[in-house]
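Visitor: Provided below: query.tsv, containing TSV, C-alpha atoms.
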chain	number	residue	atom	x	y	z
G	27	MET	CA	26.51	-108.62	-61.61
G	28	VAL	CA	28.33	-108.46	-58.29
G	29	LYS	CA	30.08	-105.33	-59.39
G	30	SER	CA	26.84	-103.60	-60.34
G	31	ASN	CA	25.26	-104.61	-57.01
G	32	ARG	CA	28.16	-103.10	-55.17
G	33	LYS	CA	27.80	-100.00	-57.27
G	34	ASN	CA	24.08	-99.84	-56.42
G	35	ALA	CA	24.86	-100.30	-52.74
G	36	ALA	CA	27.30	-97.43	-52.88
G	37	ARG	CA	24.73	-95.27	-54.62
G	38	ARG	CA	22.05	-96.27	-52.11
G	39	MET	CA	24.31	-95.31	-49.25
G	40	SER	CA	24.98	-91.89	-50.65
G	41	ARG	CA	21.29	-91.32	-51.31
G	42	ARG	CA	20.48	-92.40	-47.76
G	43	GLN	CA	23.08	-90.02	-46.41
G	44	LEU	CA	21.66	-87.23	-48.55
G	45	LEU	CA	18.10	-87.94	-47.36
G	46	GLY	CA	19.34	-88.04	-43.78
G	47	ALA	CA	21.01	-84.68	-44.20
G	48	VAL	CA	17.87	-83.17	-45.77
G	49	ALA	CA	15.69	-84.59	-42.97
G	50	GLY	CA	18.08	-83.12	-40.42
G	51	VAL	CA	17.87	-79.67	-41.98
G	52	VAL	CA	14.06	-79.87	-42.19
G	53	ALA	CA	13.87	-80.98	-38.54
G	54	ALA	CA	16.11	-78.09	-37.50
G	55	ILE	CA	13.85	-75.60	-39.32
G	56	ARG	CA	10.72	-77.19	-37.85
G	57	VAL	CA	12.07	-77.30	-34.30
G	58	ALA	CA	13.39	-73.73	-34.19
G	59	PRO	CA	10.01	-71.90	-33.98
G	60	ALA	CA	8.44	-74.64	-31.83
G	61	ARG	CA	11.01	-74.10	-29.10
G	62	ALA	CA	10.40	-70.39	-29.00
G	63	THR	CA	6.63	-70.69	-28.68
G	64	PRO	CA	4.55	-72.99	-26.46
G	65	ALA	CA	2.90	-76.06	-27.91
G	66	SER	CA	-0.73	-75.01	-27.53
G	67	MET	CA	-0.20	-71.99	-29.77
G	68	GLN	CA	1.60	-74.13	-32.35
G	69	GLU	CA	-1.34	-76.53	-32.25
G	70	ALA	CA	-3.84	-73.69	-32.74
G	71	ILE	CA	-1.78	-72.40	-35.67
G	72	ARG	CA	-1.65	-75.89	-37.19
G	73	ASN	CA	-5.45	-76.13	-36.88
G	74	VAL	CA	-5.73	-73.05	-39.07
G	75	VAL	CA	-2.94	-73.49	-41.61
G	76	GLY	CA	-2.92	-77.31	-41.80
G	77	GLU	CA	0.23	-78.63	-43.43
G	78	ALA	CA	0.94	-75.42	-45.35
G	79	GLN	CA	4.18	-73.61	-44.73
G	80	VAL	CA	4.08	-70.26	-42.93
G	81	THR	CA	6.58	-67.69	-44.17
G	82	LYS	CA	7.68	-64.65	-42.22
G	83	GLY	CA	6.90	-61.34	-43.90
G	84	LYS	CA	4.17	-59.26	-45.59
G	85	VAL	CA	2.37	-58.90	-42.25
G	86	HIS	CA	2.85	-55.85	-40.02
G	87	LEU	CA	1.81	-56.42	-36.44
G	88	ASP	CA	1.46	-53.20	-34.50
G	89	VAL	CA	1.24	-53.78	-30.75
G	90	PRO	CA	2.87	-51.81	-27.92
G	91	VAL	CA	6.20	-53.14	-26.65
G	92	LEU	CA	5.36	-52.30	-23.02
G	93	VAL	CA	1.81	-52.62	-21.72
G	94	ASP	CA	0.73	-51.22	-18.33
G	95	ASN	CA	-2.69	-52.85	-18.34
G	96	GLY	CA	-3.16	-56.21	-20.03
G	97	ASN	CA	-6.95	-55.78	-19.99
G	98	THR	CA	-6.96	-53.55	-23.06
G	99	VAL	CA	-4.07	-53.71	-25.45
G	100	PRO	CA	-4.43	-51.98	-28.81
G	101	LEU	CA	-3.66	-54.28	-31.71
G	102	SER	CA	-3.39	-53.43	-35.38
G	103	ILE	CA	-2.50	-55.75	-38.24
G	104	GLU	CA	-1.80	-54.69	-41.80
G	105	VAL	CA	-0.97	-57.07	-44.62
G	106	GLU	CA	0.82	-56.08	-47.82
G	107	SER	CA	-1.54	-57.00	-50.64
G	108	PRO	CA	-2.91	-55.27	-53.75
G	109	MET	CA	-6.43	-56.44	-52.69
G	110	THR	CA	-7.60	-57.14	-56.24
G	111	ALA	CA	-10.18	-59.75	-57.27
G	112	THR	CA	-7.40	-62.25	-58.00
G	113	ASP	CA	-4.87	-61.39	-55.29
G	114	TYR	CA	-6.24	-60.55	-51.87
G	115	VAL	CA	-6.03	-61.44	-48.19
G	116	LYS	CA	-8.60	-64.07	-47.26
G	117	ALA	CA	-8.15	-64.08	-43.52
G	118	ILE	CA	-5.98	-62.83	-40.68
G	119	HIS	CA	-5.58	-64.88	-37.50
G	120	VAL	CA	-3.98	-63.70	-34.28
G	121	PHE	CA	-2.52	-66.05	-31.66
G	122	ASN	CA	-0.83	-65.69	-28.30
G	123	GLU	CA	1.32	-67.95	-26.15
G	124	LEU	CA	0.29	-67.60	-22.53
G	125	ASN	CA	-3.37	-66.59	-22.31
G	126	PRO	CA	-5.75	-69.40	-21.25
G	127	LEU	CA	-6.69	-69.81	-24.93
G	128	PRO	CA	-4.22	-69.48	-27.81
G	129	ASN	CA	-6.68	-67.74	-30.18
G	130	VAL	CA	-7.30	-63.99	-30.11
G	131	ILE	CA	-9.29	-63.15	-33.23
G	132	SER	CA	-9.85	-64.45	-36.75
G	133	VAL	CA	-11.05	-61.99	-39.37
G	134	HIS	CA	-12.25	-62.86	-42.85
G	135	LEU	CA	-11.73	-60.35	-45.61
G	136	GLY	CA	-12.36	-60.24	-49.34
G	137	PRO	CA	-11.27	-58.21	-52.34
G	138	ARG	CA	-13.88	-55.60	-51.37
G	139	ALA	CA	-11.88	-54.62	-48.30
G	140	GLY	CA	-9.62	-52.40	-50.41
G	141	ARG	CA	-7.01	-52.37	-47.69
G	142	ALA	CA	-6.05	-55.36	-45.53
G	143	LYS	CA	-5.88	-53.58	-42.21
G	144	VAL	CA	-7.74	-54.44	-39.02
G	145	SER	CA	-7.53	-52.96	-35.53
G	146	THR	CA	-8.99	-54.08	-32.23
G	147	ARG	CA	-8.20	-54.27	-28.51
G	148	PHE	CA	-7.33	-57.48	-26.75
G	149	ARG	CA	-6.21	-58.97	-23.43
G	150	LEU	CA	-2.82	-60.30	-22.41
G	151	ALA	CA	-2.38	-62.55	-19.38
G	152	ASP	CA	1.40	-62.31	-19.27
G	153	THR	CA	4.55	-61.07	-20.94
G	154	GLN	CA	4.59	-63.06	-24.15
G	155	THR	CA	4.81	-63.28	-27.92
G	156	VAL	CA	1.86	-62.44	-30.17
G	157	VAL	CA	1.70	-63.96	-33.65
G	158	ALA	CA	-0.40	-62.82	-36.62
G	159	ILE	CA	-0.90	-65.08	-39.64
G	160	ALA	CA	-2.38	-63.93	-42.94
G	161	GLU	CA	-4.00	-66.33	-45.38
G	162	MET	CA	-3.76	-65.16	-48.99
G	163	SER	CA	-6.14	-65.97	-51.84
G	164	ASP	CA	-3.43	-68.10	-53.48
G	165	GLY	CA	-3.31	-70.34	-50.39
G	166	THR	CA	-0.01	-69.11	-48.96
G	167	PHE	CA	0.42	-68.11	-45.32
G	168	TRP	CA	2.51	-65.20	-44.02
G	169	SER	CA	3.26	-64.29	-40.45
G	170	ALA	CA	4.66	-61.69	-38.09
G	171	SER	CA	5.32	-61.82	-34.38
G	172	ALA	CA	5.82	-59.27	-31.62
G	173	ASP	CA	7.06	-59.52	-28.04
G	174	VAL	CA	4.99	-57.66	-25.46
G	175	VAL	CA	5.93	-56.93	-21.85
G	176	VAL	CA	2.86	-56.80	-19.59
G	177	THR	CA	2.94	-55.32	-16.08
G	178	LEU	CA	-0.75	-55.78	-15.05
G	179	GLN	CA	-2.09	-59.13	-16.16
G	180	ALA	CA	-5.56	-59.81	-17.53
G	181	CYS	CA	-7.90	-62.77	-17.99
G	182	LEU	CA	-7.33	-64.65	-14.72
G	183	GLU	CA	-7.68	-62.03	-11.99
G	184	THR	CA	-10.36	-62.60	-9.34
G	185	LEU	CA	-13.31	-60.27	-9.06
I	16	MET	CA	-29.76	-53.70	-25.41
I	17	ALA	CA	-26.13	-53.15	-25.82
I	18	ARG	CA	-25.01	-49.71	-26.81
I	19	THR	CA	-23.23	-49.52	-30.15
I	20	LEU	CA	-21.16	-46.80	-31.70
I	21	ILE	CA	-20.53	-46.86	-35.44
I	22	ASN	CA	-18.35	-44.53	-37.46
I	23	VAL	CA	-18.86	-44.65	-41.23
I	24	PRO	CA	-18.21	-41.67	-43.53
I	25	LYS	CA	-21.52	-40.08	-44.62
I	26	THR	CA	-20.29	-39.51	-48.14
I	27	ALA	CA	-17.51	-40.96	-50.25
I	28	LYS	CA	-16.28	-40.93	-53.81
I	29	ARG	CA	-16.84	-44.13	-55.79
I	30	GLY	CA	-13.85	-46.41	-55.39
I	31	ASP	CA	-12.59	-44.72	-52.23
I	32	VAL	CA	-11.23	-46.97	-49.49
I	33	ILE	CA	-13.14	-45.97	-46.34
I	34	GLU	CA	-12.47	-46.86	-42.73
I	35	ILE	CA	-15.27	-48.29	-40.61
I	36	LYS	CA	-15.03	-48.18	-36.82
I	37	THR	CA	-17.34	-50.17	-34.57
I	38	LEU	CA	-17.72	-50.33	-30.81
I	39	ILE	CA	-20.24	-52.25	-28.73
I	40	SER	CA	-20.70	-52.32	-24.98
I	41	HIS	CA	-20.23	-55.87	-23.71
I	42	ILE	CA	-18.54	-57.38	-20.66
I	43	MET	CA	-16.68	-60.09	-22.67
I	44	GLU	CA	-16.44	-62.33	-19.59
I	45	THR	CA	-13.66	-64.83	-20.29
I	46	GLY	CA	-14.97	-67.82	-18.34
I	47	PHE	CA	-11.57	-68.22	-16.68
I	48	ARG	CA	-12.13	-65.90	-13.72
I	49	HIS	CA	-13.37	-66.78	-10.25
I	50	ASP	CA	-15.50	-64.67	-7.93
I	51	SER	CA	-14.77	-63.91	-4.27
I	52	VAL	CA	-15.99	-67.34	-3.08
I	53	GLY	CA	-13.96	-69.20	-5.69
I	54	LYS	CA	-16.84	-69.98	-8.03
I	55	LYS	CA	-16.07	-69.86	-11.74
I	56	VAL	CA	-17.75	-66.97	-13.57
I	57	PRO	CA	-19.39	-68.46	-16.68
I	58	ARG	CA	-18.20	-67.34	-20.10
I	59	ASN	CA	-20.21	-64.56	-21.71
I	60	ILE	CA	-18.65	-63.21	-24.88
I	61	ILE	CA	-19.54	-61.97	-28.33
I	62	ALA	CA	-18.33	-64.72	-30.64
I	63	TYR	CA	-19.23	-63.46	-34.12
I	64	PHE	CA	-19.27	-60.11	-35.83
I	65	THR	CA	-20.36	-59.57	-39.41
I	66	CYS	CA	-20.63	-56.51	-41.62
I	67	THR	CA	-22.70	-56.40	-44.80
I	68	TYR	CA	-22.76	-53.71	-47.49
I	69	ASN	CA	-26.16	-53.62	-49.22
I	70	GLY	CA	-26.71	-57.22	-48.16
I	71	GLU	CA	-23.33	-58.56	-49.27
I	72	GLU	CA	-20.89	-59.65	-46.59
I	73	ILE	CA	-17.69	-57.60	-46.64
I	74	PHE	CA	-16.17	-58.44	-43.26
I	75	ARG	CA	-16.52	-61.18	-40.67
I	76	ALA	CA	-14.67	-61.80	-37.41
I	77	ASP	CA	-14.59	-64.68	-34.93
I	78	LEU	CA	-13.91	-63.28	-31.48
I	79	PHE	CA	-12.36	-65.20	-28.59
I	80	PRO	CA	-12.25	-64.43	-24.84
I	81	ALA	CA	-8.92	-62.67	-25.43
I	82	ILE	CA	-10.79	-59.72	-26.96
I	83	ALA	CA	-11.07	-56.87	-24.46
I	84	ALA	CA	-14.38	-55.77	-22.95
I	85	ASN	CA	-16.45	-53.49	-25.20
I	86	PRO	CA	-15.12	-54.95	-28.46
I	87	PHE	CA	-13.73	-52.29	-30.75
I	88	ILE	CA	-13.08	-53.34	-34.34
I	89	THR	CA	-12.00	-51.20	-37.26
I	90	PHE	CA	-11.54	-52.27	-40.85
I	91	PHE	CA	-11.67	-50.94	-44.41
I	92	THR	CA	-13.90	-51.32	-47.43
I	93	VAL	CA	-14.26	-49.86	-50.90
I	94	ALA	CA	-17.19	-47.45	-51.32
I	95	THR	CA	-18.95	-49.03	-54.30
I	96	GLU	CA	-22.50	-47.64	-54.19
I	97	SER	CA	-24.89	-45.68	-52.00
I	98	GLY	CA	-26.76	-47.76	-49.49
I	99	THR	CA	-26.70	-49.32	-46.08
I	100	ILE	CA	-23.81	-50.82	-44.18
I	101	ALA	CA	-25.23	-53.18	-41.56
I	102	PHE	CA	-23.49	-54.69	-38.53
I	103	GLU	CA	-24.40	-57.75	-36.51
I	104	TRP	CA	-22.96	-59.13	-33.28
I	105	GLU	CA	-23.81	-62.59	-31.92
I	106	GLY	CA	-22.69	-64.19	-28.71
I	107	ASP	CA	-23.31	-66.34	-25.65
I	108	ASN	CA	-26.69	-66.50	-23.88
I	109	GLY	CA	-28.47	-65.66	-27.13
I	110	PHE	CA	-26.81	-62.27	-27.42
I	111	HIS	CA	-27.78	-60.54	-30.65
I	112	GLU	CA	-27.37	-56.91	-31.61
I	113	THR	CA	-27.58	-55.03	-34.88
I	114	ALA	CA	-26.70	-51.56	-36.08
I	115	SER	CA	-26.54	-49.86	-39.45
I	116	ALA	CA	-25.29	-46.75	-41.17
I	117	THR	CA	-26.10	-45.18	-44.51
I	118	ILE	CA	-23.53	-43.96	-46.98
I	119	THR	CA	-23.90	-41.77	-50.07
I	120	VAL	CA	-21.44	-42.54	-52.85
I	121	GLU	CA	-20.95	-39.94	-55.56
Once you've parsed the file, please lay out its structure as structure tokens.
Guide:
Amino acid sequence: MVKSNRKNAARRMSRRQLLGAVAGVVAAIRVAPARATPASMQEAIRNVVGEAQVTKGKVHLDVPVLVDNGNTVPLSIEVESPMTATDYVKAIHVFNELNPLPNVISVHLGPRAGRAKVSTRFRLADTQTVVAIAEMSDGTFWSASADVVVTLQACLETL
Amino acid sequence: MARTLINVPKTAKRGDVIEIKTLISHIMETGFRHDSVGKKVPRNIIAYFTCTYNGEEIFRADLFPAIAANPFITFFTVATESGTIAFEWEGDNGFHETASATITVE
């Protein structure tokens, strides 16, 4: 009886250590992107994706590396997808770090789009990172990010 | 009346993926700027854009103040049948604008 208890205790310890190690690894993965990007953007992203995991890839974010005028920055997002009735891109969301609001645009597509590509022009208030997240029909989320250097800032200038 | 500029191919083969380009004149005032006496300029943006193909929605976008003035949006769709592609913009202060284009699909 005593022996088996001791055995259980030993087993429990090792399981606890294992869980601790796993939690540590998960925390490290979670913390890494959060440190690179401000909290408000992370919050805005969480509002869209919920608890789902966001994987890097499949999304191509085309935005200039150096921008002279932050008032109009061309932005183009293309997502790799066959765009069939069963496998298509449901939505594309774009976020930024340092504008007054973290959201830029959310577009909703369907299988009728044929090609998951959208272009627009947006504003950037500062040198920062832009993130695009694609929501697929199977419920997975994919992302891409780009760093943009802005010389003339937008959004907050006085008239 | 806001001026709109729409670019849709006049004709297309059935099943072709066509590009649609849209532009509308609008100030897209962010609501974060101040005028010369320090008074906040109220927000005035287009918040929603929808595109329908013969009445069925094919594209929808939620716009935020980060979208540049005179919102320009391009996207793709499959040319399925001849008909009308209609566009609708909605925004602050009751802003509402529509435009449409016809397409012939062979």
Visitor: Could you give me, as JSON, numbers by chain, the residues within 9 Å of region 94-96 of chain I, counting all atoms listed in the file and dropping anything in the same chain fewer than 6 positions from it?
Guide: {"G": [138], "I": [27, 28, 29, 30, 31, 32, 33, 69, 118, 119, 120, 121]}
Visitor: Neighbourhood query: residues within 10 Å of (-22.1, -57.5, -31.3), file coordinates, counting all atoms listed in the file; return as a PyMOL selection string.
Guide: chain I and resi 17-19+37-41+60-65+85-87+102-106+110-114
Visitor: Quick check, in Å to one decimal: how far apart do CA of Thr26 (chain I) and CA of Gly98 (chain I) lie?
Guide: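 CA of Thr26 (chain I) sits 10.6 Å away from CA of Gly98 (chain I).
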Visitor: With all atoms listed in the file counted and 12 Å as the cut-off, give the residues of chain G in contact with chain I, each with its shortest interatomic distance in Å and the pair that gives it, as JSON lines.
Guide:
{"residue": "G:Asn95", "atom": "CA", "partner": "I:Ala83", "partner_atom": "CA", "distance": 11.1}
{"residue": "G:Gly96", "atom": "CA", "partner": "I:Ala83", "partner_atom": "CA", "distance": 9.1}
{"residue": "G:Asn97", "atom": "CA", "partner": "I:Ala83", "partner_atom": "CA", "distance": 6.2}
{"residue": "G:Thr98", "atom": "CA", "partner": "I:Ala83", "partner_atom": "CA", "distance": 5.5}
{"residue": "G:Val99", "atom": "CA", "partner": "I:Ala83", "partner_atom": "CA", "distance": 7.7}
{"residue": "G:Pro100", "atom": "CA", "partner": "I:Ala83", "partner_atom": "CA", "distance": 9.3}
{"residue": "G:Leu101", "atom": "CA", "partner": "I:Ile88", "partner_atom": "CA", "distance": 9.8}
{"residue": "G:Ser102", "atom": "CA", "partner": "I:Thr89", "partner_atom": "CA", "distance": 9.1}
{"residue": "G:Ile103", "atom": "CA", "partner": "I:Phe90", "partner_atom": "CA", "distance": 10.0}
{"residue": "G:Glu104", "atom": "CA", "partner": "I:Phe90", "partner_atom": "CA", "distance": 10.1}
{"residue": "G:Met109", "atom": "CA", "partner": "I:Val93", "partner_atom": "CA", "distance": 10.4}
{"residue": "G:Thr110", "atom": "CA", "partner": "I:Val93", "partner_atom": "CA", "distance": 11.2}
{"residue": "G:Val115", "atom": "CA", "partner": "I:Phe74", "partner_atom": "CA", "distance": 11.7}
{"residue": "G:Lys116", "atom": "CA", "partner": "I:Phe74", "partner_atom": "CA", "distance": 10.2}
{"residue": "G:Ala117", "atom": "CA", "partner": "I:Ala76", "partner_atom": "CA", "distance": 9.2}
{"residue": "G:Ile118", "atom": "CA", "partner": "I:Ala76", "partner_atom": "CA", "distance": 9.3}
{"residue": "G:His119", "atom": "CA", "partner": "I:Asp77", "partner_atom": "CA", "distance": 9.4}
{"residue": "G:Val120", "atom": "CA", "partner": "I:Ala81", "partner_atom": "CA", "distance": 10.2}
{"residue": "G:Phe121", "atom": "CA", "partner": "I:Ala81", "partner_atom": "CA", "distance": 9.5}
{"residue": "G:Asn122", "atom": "CA", "partner": "I:Ala81", "partner_atom": "CA", "distance": 9.1}
{"residue": "G:Glu123", "atom": "CA", "partner": "I:Ala81", "partner_atom": "CA", "distance": 11.5}
{"residue": "G:Leu124", "atom": "CA", "partner": "I:Ala81", "partner_atom": "CA", "distance": 10.8}
{"residue": "G:Asn125", "atom": "CA", "partner": "I:Ala81", "partner_atom": "CA", "distance": 7.5}
{"residue": "G:Pro126", "atom": "CA", "partner": "I:Phe47", "partner_atom": "CA", "distance": 7.5}
{"residue": "G:Leu127", "atom": "CA", "partner": "I:Ala81", "partner_atom": "CA", "distance": 7.5}
{"residue": "G:Pro128", "atom": "CA", "partner": "I:Ala81", "partner_atom": "CA", "distance": 8.6}
{"residue": "G:Asn129", "atom": "CA", "partner": "I:Phe79", "partner_atom": "CA", "distance": 6.4}
{"residue": "G:Val130", "atom": "CA", "partner": "I:Ala81", "partner_atom": "CA", "distance": 5.1}
{"residue": "G:Ile131", "atom": "CA", "partner": "I:Leu78", "partner_atom": "CA", "distance": 4.9}
{"residue": "G:Ser132", "atom": "CA", "partner": "I:Asp77", "partner_atom": "CA", "distance": 5.1}
{"residue": "G:Val133", "atom": "CA", "partner": "I:Ala76", "partner_atom": "CA", "distance": 4.1}
{"residue": "G:His134", "atom": "CA", "partner": "I:Arg75", "partner_atom": "CA", "distance": 5.1}
{"residue": "G:Leu135", "atom": "CA", "partner": "I:Phe74", "partner_atom": "CA", "distance": 5.4}
{"residue": "G:Gly136", "atom": "CA", "partner": "I:Ile73", "partner_atom": "CA", "distance": 6.5}
{"residue": "G:Pro137", "atom": "CA", "partner": "I:Ile73", "partner_atom": "CA", "distance": 8.6}
{"residue": "G:Arg138", "atom": "CA", "partner": "I:Val93", "partner_atom": "CA", "distance": 5.8}
{"residue": "G:Ala139", "atom": "CA", "partner": "I:Thr92", "partner_atom": "CA", "distance": 4.0}
{"residue": "G:Gly140", "atom": "CA", "partner": "I:Val93", "partner_atom": "CA", "distance": 5.3}
{"residue": "G:Arg141", "atom": "CA", "partner": "I:Phe91", "partner_atom": "CA", "distance": 5.9}
{"residue": "G:Ala142", "atom": "CA", "partner": "I:Phe91", "partner_atom": "CA", "distance": 7.2}
{"residue": "G:Lys143", "atom": "CA", "partner": "I:Phe90", "partner_atom": "CA", "distance": 6.0}
{"residue": "G:Val144", "atom": "CA", "partner": "I:Phe90", "partner_atom": "CA", "distance": 4.7}
{"residue": "G:Ser145", "atom": "CA", "partner": "I:Thr89", "partner_atom": "CA", "distance": 5.1}
{"residue": "G:Thr146", "atom": "CA", "partner": "I:Ile88", "partner_atom": "CA", "distance": 4.7}
{"residue": "G:Arg147", "atom": "CA", "partner": "I:Ala83", "partner_atom": "CA", "distance": 5.6}
{"residue": "G:Phe148", "atom": "CA", "partner": "I:Ile82", "partner_atom": "CA", "distance": 4.1}
{"residue": "G:Arg149", "atom": "CA", "partner": "I:Ala81", "partner_atom": "CA", "distance": 5.0}
{"residue": "G:Leu150", "atom": "CA", "partner": "I:Ala81", "partner_atom": "CA", "distance": 7.2}
{"residue": "G:Ala151", "atom": "CA", "partner": "I:Ala81", "partner_atom": "CA", "distance": 8.9}
{"residue": "G:Val156", "atom": "CA", "partner": "I:Ala81", "partner_atom": "CA", "distance": 11.8}
{"residue": "G:Ala180", "atom": "CA", "partner": "I:Ala81", "partner_atom": "CA", "distance": 9.0}
{"residue": "G:Cys181", "atom": "CA", "partner": "I:Thr45", "partner_atom": "CA", "distance": 6.5}
{"residue": "G:Leu182", "atom": "CA", "partner": "I:Arg48", "partner_atom": "CA", "distance": 5.1}
{"residue": "G:Glu183", "atom": "CA", "partner": "I:Arg48", "partner_atom": "CA", "distance": 6.1}
{"residue": "G:Thr184", "atom": "CA", "partner": "I:His49", "partner_atom": "CA", "distance": 5.2}
{"residue": "G:Leu185", "atom": "CA", "partner": "I:Asp50", "partner_atom": "CA", "distance": 5.0}
Visitor: Please compute the CA of Glu106 (chain G)-CA of His86 (chain G) distance, one decimal, in Å.
Guide: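 One can read the CA of Glu106 (chain G) to CA of His86 (chain G) distance as 8.1 Å.
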Visitor: Mind pulling up the distance from CA of Ser169 (chain G) to CA of Val157 (chain G)?
Guide: 7.0 Å
Visitor: Determine the nearest neighbour of Val74 (chain G) from the options G:Asp152, G:Asp88, G:Thr112, G:Ile159, counting only C-alpha atoms.
Guide: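 The answer is G:Ile159, which sits nearest to Val74 (chain G).
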Visitor: Which residue gives the smallest distance to Thr117 (chain I) among I:Ile42, I:Thr67, I:Pro24, I:Arg58, with all atoms listed in the file counted?
Guide: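 Comparing I:Ile42, I:Thr67, I:Pro24, I:Arg58 against Thr117 (chain I), the winner is I:Pro24.
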